[in-house]
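These notes concern the structure reproduced below.
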Amino acid sequence: MRILLKGIHIEGREKRDLLVEGGRIARIASSIKESADEVYDLDGSVILPSLVDLHAHSRQPGGDEKETLRTFSLAAVHGGVTAVCTMPNTNPVVDNPAVVRGLREEAQRIGLIDLLPVASITVGQKGETLTEMAGLRQAGAVAVSEDGLAVRDSRLMRYALEYARSVGLLVMLHCEDARLSDRGSMNEGLISLKLGLRGIPEISETIGLLRDLEIATYVGARVHICHVSLARSVEILSRYKRFYPGLVTAEVTPHHLIFNEEAISGYDPNFKMNPPLRKESDRKALMRAIKSGKIDCVATDHAPHTAWEKEVEFELAPFGVVGLETWLSSMIDRFVLEGILTWEDVKRLCCDNPRRILGMDPVDVEEGSVADLVVVDPNASWQVREDTLLSKGKNSPFLGKSLRGKVLLTMRRGKVVFKDV
Amino acid sequence: MVWKRKDLVGLKGLSREEIGLILETAASFKEVLFREVKKVPTLRGWTIANLFFEPSTRTRVSFELAGKRLSADMVNVSASSSSVVKGETLLDTAKNLRALVCDIIVLRHSLAGACHLLASRLPDVGVINAGDGMNEHPTQALLDMFTIRERLGTLEGIKVLIVGDILHSRVARSNIWGLTKMGADVSVCGPVSLLPRGIEKVVKVYTDLDEAMKGKDVLMFLRIQRERQEAGLFPSLREYHRLYGLTEERLKRLATKVILMHPGPVNRGVEMVPAGVDGENSVILEQVTNGVAVRMAVLYLVSTVLRR
């Protein structure tokens with residue numbers, strides 16, 4: 001199978017033709033005349049390595065009403081994503097090797113993405129007994145995490161991090177002191193005061209972060225901090241990263257980079273997530289942190305919910321928004337085309353660093369590389385609507401908006417897994 | 001000025017002119033309450049549902065009487081007797097009321113934004129907020145403003161102190177938005193644990209009641225819920241009364257022209273000593289009477305938009 005992509009800009013640079021054969025990039029030249037099984041004229045589009053998402057909720061097993069592995073895979077490739085870490089807060093919880101294997105096999109059968117299961121830290125996410133991390137790793141779990149249900153007991157957290165270190169498993173941490181968040185549904189401050197909504201204070205994240213970083217660095221465990229939302233968290237993180245190089249990495253979501261708490265003014269549950277949208281000054285600090293490397297990467301926290309779950313009072317609505325399909329587009333629309341980020345930045349944040357954090361080699365668009373690729377037209381817009389999203393979850397903060405940066409083609413190991421050309 | 005809203009979800013989004021119009025309209029309806037036949041035909045043939053998801057006597061009865069004085073048919077739907085306990089969503093309950101051809105829904109709900117949800121999703125039904133979570137209780141603030149204006153002649157420049165649990169209070173929020181817009185000088189007083197973060201950017205804040213009371217024209221004491229003490233936000237009702245209650249001693253120091261308000265129901269001896277509740281300075285029962293006039297005004301104004 002030979003596939004020829006014509007007239008593309010590699011990471012936004014000069015125009016090239018690119019020939020894919022046998023799952024790899026066979027040739028890159030200013031003009032390739034050879035015949036191919038499939039030829040795509042992609043004049044003016046940009047090619048990047050496909051994106052890798054460190055944080056998403058497939059809702060599988062058990063959550064068919066919110067998402068199936070098929071709709072999840074379709075959503076991923078629609079967004080130019082070919083490998084996704086899935087969180088374990090499912091029913092049943094991803095806490096044993098059989099579930100991990102089952103997920104991988106099912107995703108393989110669908111054949112669109114590499115599904116990288118993250119298993120739970122404790123059995124049933126109950127915060128009592130550690131999961132069999134060695135067995136989970138062997139079955140194909142890439143990390144362990146308790147995600148939204150941060151391990152409350154600090155002693156158990158210590159044991160978990162020590163044990164994860166001994167079996168060589170990455171620990172992904174959602175940092176939160178749940179007692180301080182209480183029943184809050186948005187950032188605590190002037191806006192929550194004006195809307196009469198219970199607030200989630202900054203200190204619920206920073207105290208959780210400080211505790212987890214103290215334990216992790218004390219026991220020497222490799223940890224990845226999920227969805228950082230505060231300027232203050234960036235400060236804390238950079239201090240630990242300086243003193244313990246290589247031990248700590250961190251991610252931020254596209255919605256925390258793009259929106260602030262003021263987006264909630266109409267009580268729209270599509271702006272309700274945990275951690276919540278914060279102040280504009282936090283958003284700006286997060287932007288600086290991805291530029292400077294204080295935050296390593298962007299991850300979606302894709303969290304599909306049914307329409308009926310979100311069509312309720314704001315405080316009753318579940319936390320979380322979908323993000324796989326708008327990830328790359330929103331980064332292009334809001335940052336690249338506005339001159340805030342370069343294509344190299346996007347590659348580093350969404351393609352290279354997520355791979356590095358998982359211990360995989362970054363992919364470069366060069367001859368001989370694995371053909372894990374995404375082609376996007378930065379100047380074509382698409383409407384984010386219920387019928388244009390392939391995920392079952394339509395709970396997007398971009399709903400009704402237009403985004404520049406349309407994914408034309410996604411390729412995984414040389415096979416076209418999505419195309420819209 | 002012409003009223004243009006089919007709903008009243010809060011005072012935060014209203015203009016000074018709109019609030020002024022409600023108060024003027026209420027003044028003209030107040031006279032009806034003291035006629036021999038306490039009724040006008042304004043809303044004859046209209047159906048209004050009191051949809052209450054929280055227990056309330058005062059506000060529900062006040063809306064019920066306001067509707068009846070305007071000749072509307074009133075139905076009361078309370079959460080305990082409705083399908084809500086069977087798991088129906090708020091939106092579905094409201095859609096059912098619309099299917100029963102209710103023209104206006106008066107909503108009391110424990111969660112902020114509930115009225116916004118109904119108002120935006122039911123384009124042909126009027127929605128009136130009778131209290132949504134910690135967010136707003138606009139008709140309470142309107143009746144408070146009506147009462148202050150009736151007593152003191154104006155709201156402009158009047159110094160109002162709101163005392164107590166500001167954090168959880170929709171009455172405080174609506175009063176802050178409304179009174180500020182009408183030119184009053186609003187400040188709040190309470191323990192920091194009962195003040196919402198960021199409040200100092202909105203109004204003047206005191207933690208010492210004796211200092212706060214100085215030079216104020218209106219003292220508004222808020223009801224304190226026992227569960228706040230149980231949740232650990234303050235140590236005891238006894239200490240609360242000593243620090244933030246109207247004690248005998250504070251009552252004695254009060255200038256005669258100062259008016260005392262409370263949205264009710266009063267915990268006698270906690271927020272205010274009985275001599276304060278029943279005394280010369282108290283306008284608590286006038287607030288109750290004015291509530292009916294204000295609610296008649298709101299129902300009427302909303303109906304003029306729905307009619308069009």
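Labeling convention for the structure tokens: chains A, B, ... as they appear, residues from 1 per chain, ligands from 1 in order of appearance.
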Determine, counting only C-alpha atoms, which protein, DNA and RNA residues have an atom within 10 Å of an atom of A:Met186; residues of the same chain fewer than 6 positions away are not included. Present the result as a list in words.
Ser192, Leu195, Leu197, Arg198, Gly199, Ile200, Pro201, Glu261, Ile264, Phe271, Lys272, Met273, Asn274, Pro275, Pro276, Leu277, Arg278, Phe314, Glu315 and Phe319 of chain A
Would you mind listing, as a list in words, all residues of chain A that have at least one atom within 8 Å of chain B, where only C-alpha atoms are what counts?
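Every residue of chain A that passes the 8 Å test is in Glu188, Gly189, Leu190, Leu193, Lys194, Leu195, Gly196, Leu197, Gly266, Tyr267, Glu311, Val312, Glu313, Phe314 and Glu315 of chain A.
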Output for the residues just chosen: C-alpha atoms as a PDB file, in the first residue's frame:
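What follows is the written file result_6.pdb:
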```
ATOM      1  CA  GLU A 188     -14.305  30.313  44.258  1.00  0.00           C
ATOM      2  CA  GLY A 189     -14.125  34.085  43.879  1.00  0.00           C
ATOM      3  CA  LEU A 190     -15.959  37.120  42.622  1.00  0.00           C
ATOM      4  CA  LEU A 193     -20.181  35.118  44.479  1.00  0.00           C
ATOM      5  CA  LYS A 194     -22.072  36.822  41.649  1.00  0.00           C
ATOM      6  CA  LEU A 195     -23.622  33.587  40.388  1.00  0.00           C
ATOM      7  CA  GLY A 196     -24.460  32.271  43.841  1.00  0.00           C
ATOM      8  CA  LEU A 197     -22.615  29.034  43.118  1.00  0.00           C
ATOM      9  CA  GLY A 266     -25.063  31.700  31.801  1.00  0.00           C
ATOM     10  CA  TYR A 267     -24.900  28.581  34.031  1.00  0.00           C
ATOM     11  CA  GLU A 311     -29.611  19.369  30.812  1.00  0.00           C
ATOM     12  CA  VAL A 312     -30.083  20.066  34.493  1.00  0.00           C
ATOM     13  CA  GLU A 313     -29.300  22.654  37.134  1.00  0.00           C
ATOM     14  CA  PHE A 314     -25.601  23.634  36.929  1.00  0.00           C
ATOM     15  CA  GLU A 315     -24.757  22.242  40.354  1.00  0.00           C
TER      16      GLU A 315
END
```
Separation of atom CA of B:Val32 and atom CA of B:Arg69, in Å?
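Atom CA of B:Arg69 lies at a distance of 7.9 Å from atom CA of B:Val32.
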Between atom CA of A:Ser73 and atom CA of A:Ile113 lies a distance of 6.0 Å
Residues near stretch 277-283 of chain B, cut-off 12 Å, only C-alpha atoms, skip fewer than 2 positions along chain, as a ChimeraX atom specification:
/B:143-152,217-221,245-248,251-275,285-290
Contacts of stretch 292-301 of chain A at 9 Å (only C-alpha atoms; same-chain gap of 2+ positions) as an mmCIF file with C-alpha atoms, in the first residue's frame:
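Now in around.cif:
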```cif
data_model
loop_
_atom_site.group_PDB
_atom_site.id
_atom_site.type_symbol
_atom_site.label_atom_id
_atom_site.label_comp_id
_atom_site.auth_asym_id
_atom_site.auth_seq_id
_atom_site.Cartn_x
_atom_site.Cartn_y
_atom_site.Cartn_z
ATOM 1 C CA VAL A 52 -1.114 11.513 21.783
ATOM 2 C CA ASP A 53 -3.595 12.254 24.569
ATOM 3 C CA LEU A 54 -2.493 11.445 28.102
ATOM 4 C CA HIS A 55 -5.899 11.958 29.663
ATOM 5 C CA ALA A 56 -9.316 10.903 28.393
ATOM 6 C CA HIS A 57 -12.406 9.044 29.536
ATOM 7 C CA CYS A 226 -2.970 15.947 35.635
ATOM 8 C CA HIS A 227 -4.831 19.053 34.463
ATOM 9 C CA VAL A 228 -3.046 21.875 36.320
ATOM 10 C CA VAL A 234 2.700 26.350 38.178
ATOM 11 C CA GLU A 235 4.928 28.069 40.757
ATOM 12 C CA LEU A 237 5.504 22.661 40.151
ATOM 13 C CA SER A 238 8.450 24.577 38.805
ATOM 14 C CA LYS A 241 10.852 20.241 38.881
ATOM 15 C CA THR A 249 5.878 16.195 34.583
ATOM 16 C CA ALA A 250 2.572 17.987 34.169
ATOM 17 C CA GLU A 251 -0.248 18.599 31.728
ATOM 18 C CA VAL A 252 -2.866 21.284 31.115
ATOM 19 C CA THR A 253 -6.139 20.989 29.194
ATOM 20 C CA PRO A 254 -7.057 23.070 26.139
ATOM 21 C CA HIS A 255 -10.097 24.452 27.988
ATOM 22 C CA LEU A 286 -0.765 28.502 32.137
ATOM 23 C CA MET A 287 -0.048 29.916 28.679
ATOM 24 C CA ARG A 288 3.349 31.157 29.851
ATOM 25 C CA ALA A 289 4.010 27.776 31.448
ATOM 26 C CA ILE A 290 3.501 25.815 28.229
ATOM 27 C CA ALA A 303 -15.190 13.469 29.380
ATOM 28 C CA GLY A 320 -16.376 17.261 32.440
ATOM 29 C CA VAL A 321 -16.426 18.267 28.770
ATOM 30 C CA VAL A 322 -15.486 16.496 25.556
ATOM 31 C CA GLY A 323 -12.229 17.570 23.960
ATOM 32 C CA LEU A 324 -10.644 15.038 21.607
ATOM 33 C CA TRP A 327 -8.106 19.790 20.712
ATOM 34 C CA VAL A 346 2.118 22.440 19.116
ATOM 35 C CA ARG A 348 6.205 19.590 21.358
ATOM 36 C CA LEU A 349 3.098 19.954 23.558
ATOM 37 C CA CYS A 350 0.656 17.627 21.820
ATOM 38 C CA CYS A 351 2.857 15.092 19.977
ATOM 39 C CA ASP A 352 6.406 14.780 21.331
ATOM 40 C CA ASN A 353 6.167 15.338 25.075
ATOM 41 C CA PRO A 354 3.144 13.072 25.610
ATOM 42 C CA ILE A 357 6.162 10.950 29.202
#
```
Please identify the strand (DSSP E) residues within stretch 76-265 of chain B (assignment by DSSP from backbone atoms) and present them as a PyMOL selection string.
chain B and resi 76-78+104-109+126-132+159-163+185-189+204-206+218-221+259-261
Include C-alpha atoms and write out the residues we just selected as a PDB file, in the first residue's frame.
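Result file part_15.pdb:
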```
ATOM      1  CA  ASN B  76     -49.288  25.056  44.338  1.00  0.00           C
ATOM      2  CA  VAL B  77     -46.819  22.338  43.426  1.00  0.00           C
ATOM      3  CA  SER B  78     -44.438  21.337  46.151  1.00  0.00           C
ATOM      4  CA  ILE B 104     -46.365  31.781  34.701  1.00  0.00           C
ATOM      5  CA  ILE B 105     -44.198  29.601  36.908  1.00  0.00           C
ATOM      6  CA  VAL B 106     -43.002  30.927  40.239  1.00  0.00           C
ATOM      7  CA  LEU B 107     -39.959  28.837  41.101  1.00  0.00           C
ATOM      8  CA  ARG B 108     -38.273  28.212  44.436  1.00  0.00           C
ATOM      9  CA  HIS B 109     -35.300  25.881  44.130  1.00  0.00           C
ATOM     10  CA  GLY B 126     -43.020  33.497  32.368  1.00  0.00           C
ATOM     11  CA  VAL B 127     -40.583  32.432  35.088  1.00  0.00           C
ATOM     12  CA  ILE B 128     -40.329  34.273  38.376  1.00  0.00           C
ATOM     13  CA  ASN B 129     -37.561  33.528  40.808  1.00  0.00           C
ATOM     14  CA  ALA B 130     -38.799  32.939  44.345  1.00  0.00           C
ATOM     15  CA  GLY B 131     -35.274  32.027  45.464  1.00  0.00           C
ATOM     16  CA  ASP B 132     -32.640  29.891  43.710  1.00  0.00           C
ATOM     17  CA  LYS B 159     -26.819  53.565  54.353  1.00  0.00           C
ATOM     18  CA  VAL B 160     -27.863  49.927  54.599  1.00  0.00           C
ATOM     19  CA  LEU B 161     -26.029  47.327  56.678  1.00  0.00           C
ATOM     20  CA  ILE B 162     -26.741  43.639  56.053  1.00  0.00           C
ATOM     21  CA  VAL B 163     -25.735  41.461  58.998  1.00  0.00           C
ATOM     22  CA  ASP B 185     -24.692  52.708  50.221  1.00  0.00           C
ATOM     23  CA  VAL B 186     -24.569  49.005  51.134  1.00  0.00           C
ATOM     24  CA  SER B 187     -22.211  47.326  53.557  1.00  0.00           C
ATOM     25  CA  VAL B 188     -22.166  43.873  55.137  1.00  0.00           C
ATOM     26  CA  CYS B 189     -21.115  42.521  58.507  1.00  0.00           C
ATOM     27  CA  LYS B 204     -17.774  47.574  52.327  1.00  0.00           C
ATOM     28  CA  VAL B 205     -17.126  44.750  54.762  1.00  0.00           C
ATOM     29  CA  TYR B 206     -17.134  44.777  58.571  1.00  0.00           C
ATOM     30  CA  VAL B 218     -31.125  50.533  57.865  1.00  0.00           C
ATOM     31  CA  LEU B 219     -30.031  47.375  59.692  1.00  0.00           C
ATOM     32  CA  MET B 220     -31.045  44.175  57.959  1.00  0.00           C
ATOM     33  CA  PHE B 221     -30.507  41.006  59.972  1.00  0.00           C
ATOM     34  CA  ILE B 259     -35.150  50.934  60.789  1.00  0.00           C
ATOM     35  CA  LEU B 260     -34.739  47.248  61.573  1.00  0.00           C
ATOM     36  CA  MET B 261     -35.473  44.624  58.933  1.00  0.00           C
TER      37      MET B 261
END
```
Just want the 8 Å neighbourhood of B:Ile22, counted on only C-alpha atoms, with same-chain residues fewer than 5 positions away dropped. Output as a list in words.
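Skipping anything fewer than 5 positions along the chain leaves Val294, Ala297, Val298 and Leu301 of chain B.
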Pull all heavy atoms from the residues just selected and write them as a PDB file, in the first residue's frame.
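This is the output file result-v1.pdb:
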```
ATOM      1  N   VAL B 294     -45.560  44.013  45.933  1.00  0.00           N
ATOM      2  CA  VAL B 294     -44.420  43.882  45.019  1.00  0.00           C
ATOM      3  C   VAL B 294     -44.628  42.693  44.083  1.00  0.00           C
ATOM      4  O   VAL B 294     -44.358  42.765  42.884  1.00  0.00           O
ATOM      5  CB  VAL B 294     -43.107  43.751  45.830  1.00  0.00           C
ATOM      6  CG1 VAL B 294     -42.009  43.127  44.988  1.00  0.00           C
ATOM      7  CG2 VAL B 294     -42.676  45.113  46.359  1.00  0.00           C
ATOM      8  N   ALA B 297     -47.048  43.390  41.432  1.00  0.00           N
ATOM      9  CA  ALA B 297     -46.432  44.227  40.397  1.00  0.00           C
ATOM     10  C   ALA B 297     -45.617  43.368  39.435  1.00  0.00           C
ATOM     11  O   ALA B 297     -45.697  43.532  38.214  1.00  0.00           O
ATOM     12  CB  ALA B 297     -45.539  45.289  41.053  1.00  0.00           C
ATOM     13  N   VAL B 298     -44.863  42.443  39.984  1.00  0.00           N
ATOM     14  CA  VAL B 298     -44.011  41.596  39.137  1.00  0.00           C
ATOM     15  C   VAL B 298     -44.871  40.705  38.243  1.00  0.00           C
ATOM     16  O   VAL B 298     -44.633  40.596  37.027  1.00  0.00           O
ATOM     17  CB  VAL B 298     -43.045  40.748  40.009  1.00  0.00           C
ATOM     18  CG1 VAL B 298     -42.332  39.702  39.165  1.00  0.00           C
ATOM     19  CG2 VAL B 298     -42.027  41.658  40.709  1.00  0.00           C
ATOM     20  N   LEU B 301     -46.407  42.905  35.496  1.00  0.00           N
ATOM     21  CA  LEU B 301     -45.466  43.373  34.469  1.00  0.00           C
ATOM     22  C   LEU B 301     -45.061  42.239  33.524  1.00  0.00           C
ATOM     23  O   LEU B 301     -45.021  42.408  32.302  1.00  0.00           O
ATOM     24  CB  LEU B 301     -44.218  43.981  35.129  1.00  0.00           C
ATOM     25  CG  LEU B 301     -44.449  45.331  35.808  1.00  0.00           C
ATOM     26  CD1 LEU B 301     -43.232  45.745  36.639  1.00  0.00           C
ATOM     27  CD2 LEU B 301     -44.790  46.413  34.771  1.00  0.00           C
TER      28      LEU B 301
END
```
Looking only at helix (DSSP H, G or I) from DSSP on the backbone, list the matching residues of stretch 66-138 of chain A as a ChimeraX atom specification.
/A:69-78,97-110,123-125,133-138
Quick one: residues within 8 Å of A:Glu262, only C-alpha atoms counted, chain neighbours fewer than 2 positions away excluded, as a list in words?
Ile191, Phe259, Asn260, Ile264, Ser265 and Lys279 of chain A
Between atom CA of B:Ile158 and atom CA of B:Ser193, what distance in Å does the model show, to one decimal?
27.1 Å
